[in-house]
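S.K.: final-v7.txt is the file, holding compact mmCIF, C-alpha atoms:
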# COMPACT_ATOMS: atom_id res chain seq x y z
CA MET A 18 88.55 77.78 118.53
CA THR A 19 85.51 79.24 120.28
CA ALA A 20 82.13 79.76 118.59
CA MET A 21 80.87 82.92 120.25
CA THR A 22 77.30 84.01 120.94
CA PRO A 23 76.03 87.58 121.41
CA GLY A 24 77.53 89.11 124.54
CA SER A 25 80.09 86.34 125.12
CA ASN A 26 83.76 87.16 125.50
CA ILE A 27 87.14 85.43 125.42
CA PRO A 28 90.56 86.45 126.73
CA LEU A 29 93.03 87.15 123.95
CA SER A 30 95.90 84.70 123.84
CA ALA A 31 97.82 86.82 121.30
CA ALA A 32 99.03 90.40 121.55
CA ARG A 33 98.28 91.04 117.87
CA VAL A 34 94.88 89.97 116.60
CA ALA A 35 93.04 90.38 113.31
CA VAL A 36 89.27 90.49 113.03
CA ASP A 37 88.04 89.66 109.53
CA VAL A 38 84.40 89.70 108.48
CA ALA A 39 83.31 87.42 105.64
CA ALA A 40 79.97 87.35 103.80
CA PRO A 41 78.57 86.25 100.44
CA VAL A 42 78.40 89.95 99.47
CA ARG A 43 81.15 92.52 99.57
CA LEU A 44 81.48 94.31 102.91
CA ASP A 45 83.19 97.48 104.06
CA VAL A 46 84.99 96.78 107.33
CA SER A 47 86.08 99.56 109.69
CA GLY A 48 87.49 100.02 113.18
CA LEU A 49 87.05 102.77 115.77
CA LEU A 50 89.32 103.46 118.74
CA LEU A 51 87.23 104.48 121.75
CA THR A 52 88.05 106.05 125.09
CA ALA A 53 86.45 105.08 128.40
CA ASP A 54 83.43 107.26 127.64
CA GLY A 55 82.79 105.36 124.40
CA LYS A 56 83.81 107.96 121.86
CA VAL A 57 86.65 108.62 119.43
CA ARG A 58 89.19 111.27 120.32
CA SER A 59 89.13 112.63 116.76
CA ASP A 60 88.47 111.43 113.22
CA ASP A 61 92.00 109.97 113.22
CA ASP A 62 90.57 107.18 115.38
CA PHE A 63 88.29 106.01 112.55
CA ILE A 64 90.18 103.36 110.57
CA PHE A 65 88.91 102.28 107.13
CA TYR A 66 90.05 101.77 103.53
CA ASN A 67 90.98 105.42 102.87
CA GLN A 68 92.51 105.93 106.33
CA PRO A 69 94.07 102.51 106.84
CA SER A 70 96.25 103.05 109.89
CA GLY A 71 96.05 104.52 113.36
CA PRO A 72 97.87 103.97 116.65
CA GLY A 73 97.89 100.21 117.17
CA VAL A 74 95.08 99.59 114.65
CA THR A 75 95.27 99.02 110.89
CA TYR A 76 92.85 98.19 108.08
CA ARG A 77 93.98 95.19 106.01
CA PRO A 78 92.37 94.60 102.61
CA GLY A 79 91.69 90.99 101.74
CA GLY A 80 93.14 91.35 98.27
CA GLY A 81 90.35 89.40 96.62
CA SER A 82 90.84 85.97 98.14
CA ALA A 83 90.10 86.82 101.77
CA PRO A 84 87.79 89.21 103.62
CA ASP A 85 88.98 92.61 104.80
CA ALA A 86 90.19 92.79 108.39
CA ILE A 87 90.98 95.16 111.23
CA VAL A 88 94.30 94.32 112.89
CA VAL A 89 94.85 95.35 116.51
CA ASP A 90 98.28 95.39 118.13
CA THR A 91 97.31 95.64 121.78
CA THR A 92 100.90 96.53 122.77
CA ALA A 93 100.73 99.63 120.55
CA VAL A 94 97.26 100.90 121.49
CA PRO A 95 97.82 104.29 123.16
CA PRO A 96 96.91 104.99 126.79
CA GLY A 97 93.33 106.14 127.17
CA ILE A 98 91.97 103.86 124.45
CA GLU A 99 90.01 101.07 126.13
CA LYS A 100 88.05 99.58 123.26
CA ILE A 101 88.31 98.99 119.51
CA VAL A 102 85.02 98.22 117.80
CA VAL A 103 84.95 96.44 114.44
CA THR A 104 82.08 97.39 112.15
CA ALA A 105 80.80 96.04 108.84
CA SER A 106 78.32 97.27 106.25
CA PRO A 107 77.37 96.07 102.75
CA ASP A 108 79.28 97.99 100.10
CA ALA A 109 76.26 98.28 97.78
CA ALA A 110 74.19 101.40 98.44
CA GLY A 111 70.95 100.62 100.30
CA ARG A 112 71.82 96.96 100.76
CA THR A 113 70.74 95.43 104.08
CA PHE A 114 71.86 92.31 105.91
CA GLN A 115 68.57 90.58 105.03
CA GLY A 116 69.52 87.09 103.89
CA VAL A 117 73.20 87.77 104.54
CA GLU A 118 75.05 86.00 107.34
CA PRO A 119 78.37 87.72 108.01
CA THR A 120 80.89 85.79 110.08
CA ALA A 121 83.63 87.49 112.06
CA THR A 122 86.77 85.53 112.86
CA VAL A 123 89.23 86.64 115.52
CA ARG A 124 92.71 85.43 114.57
CA ASN A 125 96.23 85.50 115.85
CA ALA A 126 97.60 88.13 113.47
CA ASP A 127 101.07 86.57 113.45
CA ASP A 128 100.26 82.99 112.46
CA GLY A 129 96.67 83.32 111.19
CA SER A 130 95.25 80.75 113.58
CA ALA A 131 91.59 81.24 114.48
CA LEU A 132 90.81 82.08 118.12
CA ALA A 133 87.04 82.56 117.81
CA THR A 134 84.20 83.02 115.33
CA PHE A 135 80.92 84.89 115.61
CA THR A 136 77.89 85.02 113.30
CA PRO A 137 75.31 87.61 114.44
CA PRO A 138 71.83 86.02 114.48
CA GLN A 139 68.49 87.21 113.12
CA LEU A 140 69.61 90.05 110.87
CA GLY A 141 67.14 91.88 108.67
CA SER A 142 66.84 95.60 107.92
CA GLU A 143 70.25 96.49 109.39
CA THR A 144 72.61 98.28 107.03
CA ALA A 145 75.56 98.37 109.42
CA LEU A 146 76.77 96.30 112.36
CA VAL A 147 79.10 96.59 115.30
CA VAL A 148 80.33 93.02 115.05
CA ILE A 149 83.18 92.51 117.52
CA GLU A 150 84.87 94.65 120.11
CA ILE A 151 88.40 94.28 121.45
CA TYR A 152 88.43 95.78 124.92
CA LEU A 153 90.67 96.26 127.95
CA ARG A 154 89.44 94.99 131.31
CA ASN A 155 91.55 94.93 134.48
CA GLY A 156 94.75 95.20 132.49
CA ALA A 157 93.92 92.31 130.12
CA TRP A 158 92.63 92.45 126.56
CA LYS A 159 89.53 90.50 125.58
CA ALA A 160 87.19 90.07 122.61
CA ARG A 161 83.41 90.32 122.88
CA ALA A 162 80.76 89.32 120.36
CA VAL A 163 78.34 92.23 119.86
CA GLY A 164 76.18 92.00 116.73
CA GLN A 165 74.49 95.37 117.26
CA GLY A 166 72.65 96.47 114.13
CA TYR A 167 71.81 99.92 112.75
CA ALA A 168 69.05 100.57 110.23
CA ASN A 169 70.60 103.89 109.17
CA GLY A 170 74.03 102.57 108.25
CA LEU A 171 77.34 103.97 109.35
CA ALA A 172 75.69 107.31 110.17
CA GLY A 173 74.13 105.64 113.21
CA ILE A 174 77.42 104.11 114.29
CA ALA A 175 79.29 107.36 113.67
CA THR A 176 76.85 109.37 115.75
CA ASP A 177 76.92 106.88 118.60
CA PHE A 178 80.70 106.96 118.79
CA GLY A 179 81.29 110.68 118.34
CA VAL A 180 82.18 111.00 114.67
CA SER A 181 80.21 113.91 113.23
CA VAL A 182 78.24 113.58 110.01
CA GLU A 183 77.58 116.29 107.41
CA GLU A 184 74.35 117.41 109.09
CA PRO A 185 74.08 115.68 112.48
CA ALA A 186 70.60 114.86 113.71
CA ALA A 187 69.44 116.40 116.97
CA ALA A 188 69.59 113.02 118.62
CA ALA A 189 71.50 109.90 117.77
CA PRO A 190 69.49 107.35 115.80
CA ALA A 191 68.41 104.29 117.72
CA PRO A 192 69.93 100.93 116.77
CA ALA A 193 67.67 98.69 114.72
CA ALA A 194 68.03 95.50 116.69
CA PRO A 195 70.62 95.82 119.44
CA VAL A 196 71.99 92.69 121.05
CA ALA A 197 74.11 94.64 123.52
CA PRO A 198 73.19 98.03 125.05
CA PRO A 199 74.35 100.88 122.82
CA VAL A 200 76.84 103.44 124.04
CA ALA A 201 75.26 106.78 124.92
CA PRO A 202 75.83 109.24 122.06
CA PRO A 203 78.65 111.72 122.80
CA ALA A 204 79.05 115.07 121.11
CA PRO A 205 80.42 115.04 117.56
CA VAL A 206 84.07 115.99 117.23
CA ALA A 207 85.10 116.84 113.68
CA ALA A 208 84.31 116.87 109.98
CA PRO A 209 83.30 113.56 108.40
CA VAL A 210 86.15 111.36 107.19
CA ASP A 211 84.37 108.46 105.56
CA PRO A 212 82.45 109.14 102.34
CA ARG A 213 80.18 106.19 103.15
CA ILE A 214 78.78 108.10 106.13
CA ALA A 215 75.77 110.24 105.28
CA PRO A 216 73.26 111.86 107.64
CA PRO A 217 69.80 110.33 108.08
CA ALA A 218 67.61 111.49 105.21
CA PRO A 219 65.44 114.55 106.09
CA ALA A 220 61.95 115.12 104.69
CA ALA A 221 63.39 117.02 101.74
CA PRO A 222 66.89 115.59 101.23
CA PRO A 223 69.56 118.02 100.04
CA ALA A 224 71.91 117.25 97.19
CA PRO A 225 74.57 114.76 98.28
CA PRO A 226 77.82 116.39 99.37
CA VAL A 227 80.82 116.12 97.07
CA PRO A 228 83.39 113.72 98.57
CA PRO A 229 86.49 115.53 99.85
CA ALA A 230 89.65 115.37 97.78
CA GLY A 231 91.59 112.18 98.19
CA SER A 232 88.69 110.10 99.47
CA GLY A 233 85.71 108.19 98.25
CA LYS A 234 85.12 105.16 96.04
CA ILE A 235 83.51 105.67 92.67
CA ASN A 236 82.94 103.56 89.55
CA LEU A 237 83.16 104.07 85.80
CA ASP A 238 79.49 104.78 85.12
CA LYS A 239 79.96 108.53 84.69
CA GLY A 240 82.84 108.26 82.25
CA ARG A 241 86.49 109.23 82.62
CA ILE A 242 87.67 109.55 86.23
CA SER A 243 90.49 111.83 87.39
CA LEU A 244 91.93 110.53 90.63
CA GLN A 245 93.77 112.37 93.34
CA LYS A 246 96.34 110.78 95.61
CA ASN A 247 94.84 107.97 97.77
CA GLN A 248 91.53 108.07 95.90
CA THR A 249 90.03 104.80 94.68
CA VAL A 250 87.83 103.86 91.73
CA SER A 251 86.03 100.54 91.40
CA LEU A 252 86.49 99.13 87.89
CA VAL A 253 82.78 98.46 87.50
CA LYS A 254 80.63 99.80 84.67
CA GLY A 255 76.90 99.27 84.32
CA GLY A 256 76.92 97.03 87.39
CA ARG A 257 79.46 94.64 85.86
CA PRO A 258 83.12 94.25 86.78
CA LEU A 259 85.57 95.29 84.07
CA LEU A 260 87.35 92.04 83.20
CA SER A 261 88.60 92.87 79.71
CA GLN A 262 92.02 93.94 78.47
CA VAL A 263 93.22 97.34 79.70
CA LYS A 264 96.38 99.36 79.21
CA MET A 265 98.21 101.23 81.94
CA GLY A 266 99.96 104.09 80.18
CA LEU A 267 102.71 105.90 82.06
CA GLY A 268 104.21 109.15 80.86
CA TRP A 269 106.61 111.89 81.86
CA GLU A 270 108.61 114.79 80.45
CA PRO A 271 112.05 116.18 81.33
CA ALA A 272 111.72 119.12 83.69
CA PHE A 273 114.54 120.93 81.87
CA ARG A 274 114.40 121.51 78.14
CA GLY A 275 116.91 119.59 76.06
CA LYS A 276 117.65 117.04 78.76
CA ASP A 277 116.74 113.39 78.35
CA ILE A 278 115.16 111.53 81.26
CA ASP A 279 115.40 107.74 81.26
CA LEU A 280 112.73 106.21 83.49
CA ASP A 281 111.49 102.63 83.62
CA ALA A 282 107.86 101.66 84.19
CA SER A 283 107.10 98.32 85.81
CA VAL A 284 104.30 96.38 87.45
CA ILE A 285 104.78 94.08 90.44
CA ALA A 286 102.33 91.23 90.99
CA PHE A 287 101.48 89.96 94.48
CA GLY A 288 99.48 87.12 95.99
CA PRO A 289 96.80 87.47 98.71
CA ASP A 290 99.43 87.28 101.46
CA ARG A 291 101.42 90.08 99.81
CA GLY A 292 103.90 87.51 98.56
CA HIS A 293 105.83 88.62 95.47
CA LEU A 294 104.80 86.59 92.42
CA ASP A 295 106.64 88.31 89.57
CA SER A 296 107.63 91.67 88.08
CA CYS A 297 107.06 92.92 84.54
CA TYR A 298 109.59 95.50 83.30
CA PHE A 299 111.88 96.27 80.34
CA GLY A 300 113.96 93.18 81.14
CA LYS A 301 110.95 90.84 81.38
CA LEU A 302 108.22 91.96 79.01
CA SER A 303 105.62 89.28 79.81
CA ILE A 304 104.51 87.63 83.07
CA LEU A 305 101.64 85.55 84.42
CA ASN A 306 101.39 83.45 81.24
CA GLY A 307 101.01 86.53 79.07
CA ALA A 308 98.23 88.16 81.12
CA ILE A 309 100.56 91.16 81.66
CA LYS A 310 102.80 92.54 78.91
CA HIS A 311 105.22 95.48 78.75
CA SER A 312 105.69 97.72 75.68
CA GLY A 313 109.46 98.10 76.13
CA ASP A 314 111.86 100.77 77.33
CA ASN A 315 111.70 104.49 76.49
CA LEU A 316 115.12 106.08 76.93
CA THR A 317 114.32 109.81 76.71
CA GLY A 318 110.81 110.70 77.87
CA GLU A 319 110.50 113.07 74.91
CA GLY A 320 107.37 113.28 72.78
CA ALA A 321 103.66 113.36 73.40
CA GLY A 322 101.63 110.44 74.67
CA ASP A 323 102.47 107.51 76.90
CA ASP A 324 106.17 106.77 77.27
CA GLU A 325 105.65 103.16 78.32
CA VAL A 326 102.54 100.99 78.29
CA ILE A 327 101.71 97.87 80.31
CA VAL A 328 98.85 95.77 78.97
CA VAL A 329 96.81 93.89 81.57
CA ASP A 330 94.19 91.29 80.65
CA LEU A 331 92.07 91.43 83.81
CA GLY A 332 90.07 88.36 82.82
CA ARG A 333 93.20 86.24 82.41
CA ILE A 334 94.97 87.22 85.63
CA PRO A 335 95.43 83.93 87.56
CA ALA A 336 93.53 83.56 90.80
CA GLU A 337 96.69 83.67 92.90
CA ALA A 338 97.49 87.21 91.68
CA THR A 339 95.35 89.67 93.62
CA GLY A 340 97.45 92.84 93.75
CA LEU A 341 99.31 94.82 91.06
CA VAL A 342 101.49 97.83 91.89
CA PHE A 343 102.65 100.08 89.03
CA THR A 344 106.00 101.78 89.60
CA VAL A 345 108.43 104.09 87.81
CA ASN A 346 112.18 104.10 88.49
CA SER A 347 115.20 106.10 87.38
CA PHE A 348 117.92 103.55 86.68
CA THR A 349 120.48 106.25 85.89
CA GLY A 350 119.89 107.99 89.20
CA GLN A 351 118.02 111.08 88.00
CA LYS A 352 115.63 112.33 90.69
CA PHE A 353 111.94 112.99 90.24
CA THR A 354 112.62 116.68 90.86
CA GLU A 355 114.02 116.53 87.31
CA VAL A 356 110.76 115.09 85.96
CA ALA A 357 107.68 117.02 84.83
CA LYS A 358 104.13 115.99 84.07
CA ALA A 359 104.39 112.41 85.33
CA TYR A 360 101.09 110.55 85.09
CA CYS A 361 99.46 107.18 84.72
CA ARG A 362 96.20 106.41 82.95
CA LEU A 363 94.05 103.32 82.51
CA ILE A 364 92.76 102.76 78.98
CA ASP A 365 90.18 100.36 77.55
CA ALA A 366 92.36 98.37 75.14
CA ALA A 367 89.43 97.57 72.84
CA THR A 368 88.13 101.11 72.34
CA GLY A 369 91.11 103.29 73.29
CA GLU A 370 88.88 105.13 75.77
CA GLU A 371 90.69 106.64 78.74
CA LEU A 372 88.96 105.34 81.85
CA VAL A 373 91.02 106.63 84.78
CA ARG A 374 93.86 109.16 85.03
CA PHE A 375 96.19 110.16 87.86
CA ASP A 376 98.51 113.15 87.43
CA LEU A 377 101.39 113.12 89.89
CA THR A 378 101.64 116.48 91.64
CA GLY A 379 104.72 117.51 93.54
CA ALA A 380 108.03 115.69 93.50
CA GLU A 381 110.67 114.45 95.89
CA PRO A 382 114.40 113.96 95.24
CA GLN A 383 114.01 110.19 95.02
CA THR A 384 114.64 107.70 92.22
CA GLY A 385 111.42 105.67 92.43
CA VAL A 386 107.69 106.25 92.76
CA MET A 387 104.70 103.96 93.23
CA MET A 388 102.09 105.43 90.90
CA ALA A 389 99.02 103.25 91.35
CA LYS A 390 97.77 99.86 92.48
CA LEU A 391 95.08 97.47 91.27
CA ILE A 392 93.53 95.26 93.95
CA LYS A 393 91.16 92.39 93.25
CA GLN A 394 88.29 92.44 95.71
CA PHE A 395 86.70 89.50 97.49
CA SER A 396 83.67 89.87 95.21
CA GLY A 397 85.77 89.63 92.03
CA GLU A 398 86.02 93.18 90.71
CA TRP A 399 89.23 95.21 90.60
CA GLU A 400 89.83 98.58 92.22
CA MET A 401 92.42 101.14 91.19
CA THR A 402 93.95 103.47 93.78
CA ALA A 403 96.25 106.42 93.07
CA VAL A 404 99.34 106.04 95.27
CA GLY A 405 101.99 108.66 94.41
CA GLU A 406 104.53 107.59 97.04
CA PHE A 407 108.23 108.19 96.41
CA VAL A 408 110.86 105.55 97.21
CA LYS A 409 114.64 105.47 97.16
CA SER A 410 115.19 102.78 94.53
CA ARG A 411 116.62 102.77 91.02
CA THR A 412 115.27 99.33 90.05
CA VAL A 413 112.03 97.42 90.27
CA ARG A 414 113.75 94.92 92.57
CA GLY A 415 114.06 97.60 95.24
CA MET A 416 110.36 98.45 94.88
CA VAL A 417 109.04 95.03 95.88
CA LYS A 418 109.05 95.54 99.65
CA PRO A 419 107.60 99.10 99.58
CA ALA A 420 104.96 97.95 97.11
CA ALA A 421 103.94 95.04 99.33
CA LYS A 422 103.45 97.46 102.23
CA ALA A 423 101.34 99.71 99.99
CA LEU A 424 98.79 96.97 99.29
Please go through the file and, once you have read it, give me the structure as structure tokens.
M.R.:
Amino acid sequence: MTAMTPGSNIPLSAARVAVDVAAPVRLDVSGLLLTADGKVRSDDDFIFYNQPSGPGVTYRPGGGSAPDAIVVDTTAVPPGIEKIVVTASPDAAGRTFQGVEPTATVRNADDGSALATFTPPQLGSETALVVIEIYLRNGAWKARAVGQGYANGLAGIATDFGVSVEEPAAAAPAPAAPVAPPVAPPAPVAAPVDPRIAPPAPAAPPAPPVPPAGSGKINLDKGRISLQKNQTVSLVKGGRPLLSQVKMGLGWEPAFRGKDIDLDASVIAFGPDRGHLDSCYFGKLSILNGAIKHSGDNLTGEGAGDDEVIVVDLGRIPAEATGLVFTVNSFTGQKFTEVAKAYCRLIDAATGEELVRFDLTGAEPQTGVMMAKLIKQFSGEWEMTAVGEFVKSRTVRGMVKPAAKAL
């Protein structure tokens, strides 16, 4: 394994590589696909937690026991893309890299072996970094240590690489402490895609823009949260992770009056490598030493309130369980086009307060749906994401593989 210094490079000995960035604080890790002129083709080339896949490049969450990573399959990178830059920024608003030493590790994505590491030196007021770049040179792929810092966060990186911000500045902001020469700022191309990107603050800052539907990470400080598909909420309240007992209530109604609908709610537990640990459903009402319990089967779907409830004691979840995917299946083969008002909601078990709700909109003629997922972050808190993806499966057993891919 090579310990890299700013500006150094190595040839890649693997076609698929993962670049993870670890730090003592939680980081947001992103990737940008760049053309020869150093800009993205469109916002689809910006890969991050709410847009986790692009051509040849994917965002991989660490699941709580490992740092987040950007995975690059060099055989699948489209023609015209000559560089993928990996960026990192502290998740906490206004947090800088002062006193924080992030370390990027370039790995063989297939076997996890480390090819190189890089720790950018002398960081201070930077709020975002271009850490590593994977680039094509004379037909061969290489990795270069960069360590270029920006004092104005991801807005500076976005502007440099052609992603427009809400109100672009007349000129691209200068990097705070560049180690390698910055790319000349190209023209912006489209509307912003990452809610973490905000324009440099003007003299009289306007009210912050509302995040677009289906994007953005929020917490529980403002009370009950209604999620849309693919939206994420951090289970943090008052600056503290929620580690108490919660209930995931799942409900539905028959779409046609007088007709019963027999659905089964389940939760599938995974380890940090997406390995299946166990499943909690009507046939197995308790898993993980009682940290997750199921209320039992509802055979009709009639009546108000939650049809089935899964109780999760977040503080008792064992360390090896870092991902929970909540699913609903139709064992009798009824399709979700016969279901109305399907939803899931997270409830504080102690107070009965509804914390988060996701109402499933639309339906497909399938027999299974992944409603939501809970992911334990590297820093210890849990995040809930609304999924709403339909699957052809009548049992929880058939949901394991799709659920693993959804993590």
S.K.: Give me, as a list of chain:residue names, all polymer residues having an atom no more than 9 Å from Tyr298 of chain A, counting only C-alpha atoms and skipping those fewer than 4 positions away in the same chain.
M.R.: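 Listing them by chain and then by number gives A:Asp281, A:Ala282, A:Ser283, A:Val284, A:Ile285, A:Leu302, A:Ser303, A:Lys310, A:His311, A:Ser312, A:Gly313, A:Asp314, A:Ile327, A:Val413.
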S.K.: Skipping near chain neighbours, those fewer than 5 positions away, what residues fall within 12 Å of Pro23 of chain A using all atoms listed in the file, listed as a ChimeraX atom specification?
M.R.: /A:134-139,147-150,160-166,195-198
S.K.: Which one is closest to Asp90 of chain A: A:Thr384, A:Ser47, A:Ser70, A:Thr378? Count all atoms listed in the file.
M.R.: A:Ser70
S.K.: Nearest to Val404 of chain A: which of A:Leu146, A:Ile64, A:Met387, A:Ala367 is it, counting only C-alpha atoms?
M.R.: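 Smallest distance to Val404 of chain A is found for A:Met387.
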S.K.: Which of these, A:Thr113, A:Val180, A:Gly141, A:Glu99, has the shortest distance to Asn155 of chain A once you count all atoms listed in the file?
M.R.: A:Glu99
S.K.: Name the closest residue to Ala157 of chain A among the candidates A:Thr75, A:Gln383, A:Ser106, A:Thr91; distances are taken between atoms, counting all atoms listed in the file.
M.R.: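 Ranked by minimum distance to Ala157 of chain A, first place goes to A:Thr91.
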S.K.: I'd like to know which of A:Pro335, A:Gly369, A:Gly73, A:Gly288 is closest to Lys264 of chain A, using all atoms listed in the file.
M.R.: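 Selected residue with least distance to Lys264 of chain A: A:Gly369.
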S.K.: Taking all atoms listed in the file into account, which of A:Phe63, A:Trp158, A:Tyr167, A:Phe348 comes nearest Ser142 of chain A?
M.R.: A:Tyr167
S.K.: Considering all atoms listed in the file, return as a VMD selection string whatever protein or nucleic-acid residues lie within 7 Å of segment 118-127 of chain A, sequence-local ones (same chain, fewer than 5 positions apart) excluded.
M.R.: chain A and resid 31 33 to 40 132 to 136
S.K.: Any idea what the distance is between atom CA of Val103 of chain A and atom CA of Ala175 of chain A?
M.R.: 12.3 Å
S.K.: Name the residues within 8 Å of (83.6, 98.0, 103.5), counting only C-alpha atoms in the file's coordinates, and put them as a PyMOL selection string.
M.R.: chain A and resi 43-47+65-66+85+105-108
S.K.: Would you export the selected residues with C-alpha atoms as a PDB file, in the coordinates of the input, please?
M.R.:
ATOM      1  CA  ARG A  43      81.150  92.520  99.570  1.00  0.00           C
ATOM      2  CA  LEU A  44      81.480  94.310 102.910  1.00  0.00           C
ATOM      3  CA  ASP A  45      83.190  97.480 104.060  1.00  0.00           C
ATOM      4  CA  VAL A  46      84.990  96.780 107.330  1.00  0.00           C
ATOM      5  CA  SER A  47      86.080  99.560 109.690  1.00  0.00           C
ATOM      6  CA  PHE A  65      88.910 102.280 107.130  1.00  0.00           C
ATOM      7  CA  TYR A  66      90.050 101.770 103.530  1.00  0.00           C
ATOM      8  CA  ASP A  85      88.980  92.610 104.800  1.00  0.00           C
ATOM      9  CA  ALA A 105      80.800  96.040 108.840  1.00  0.00           C
ATOM     10  CA  SER A 106      78.320  97.270 106.250  1.00  0.00           C
ATOM     11  CA  PRO A 107      77.370  96.070 102.750  1.00  0.00           C
ATOM     12  CA  ASP A 108      79.280  97.990 100.100  1.00  0.00           C
TER      13      ASP A 108
END
S.K.: Return as JSON the box centre and box size in Å, one decimal, for an axis-aligned box around all listed atoms of segment 260-268 of chain A padded by 6 Å per side.
M.R.:
{"center_x": 95.8, "center_y": 100.6, "center_z": 80.8, "size_x": 28.9, "size_y": 29.1, "size_z": 16.7}
S.K.: What is the distance, in Å and to one decimal place, between atom CA of Ser296 of chain A and atom CA of Val417 of chain A?
M.R.: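 According to the coordinates, atom CA of Ser296 of chain A and atom CA of Val417 of chain A are separated by 8.6 Å.
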S.K.: Can you pull out every residue within 8 Å of Gly79 of chain A, counting all atoms listed in the file, but drop anything in the same chain fewer than 3 positions away, and send it as an mmCIF file with C-alpha atoms, keeping the file's coordinate frame?
M.R.:
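Final output, saved to selection-v3.cif:
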data_model
loop_
_atom_site.group_PDB
_atom_site.id
_atom_site.type_symbol
_atom_site.label_atom_id
_atom_site.label_comp_id
_atom_site.auth_asym_id
_atom_site.auth_seq_id
_atom_site.Cartn_x
_atom_site.Cartn_y
_atom_site.Cartn_z
ATOM 1 C CA SER A 82 90.840 85.970 98.140
ATOM 2 C CA ALA A 83 90.100 86.820 101.770
ATOM 3 C CA PRO A 84 87.790 89.210 103.620
ATOM 4 C CA ASP A 85 88.980 92.610 104.800
ATOM 5 C CA ALA A 86 90.190 92.790 108.390
ATOM 6 C CA PRO A 289 96.800 87.470 98.710
ATOM 7 C CA GLN A 394 88.290 92.440 95.710
ATOM 8 C CA PHE A 395 86.700 89.500 97.490
#
S.K.: Go ahead and find all residues with at least one atom no further than 12 Å from (101.5, 104.2, 83.5) in the file's coordinates, using all atoms listed in the file; report them as an MDAnalysis selection string.
M.R.: chainID A and resid 263:269 280:284 298 311:312 322:329 342:346 359:364 373:377 386:390 403 405
S.K.: Between atom CA of Lys422 of chain A and atom CA of Ile392 of chain A, what is the distance, to one decimal in Å?
M.R.: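 Distance reported for this atom pair: 13.1 Å.
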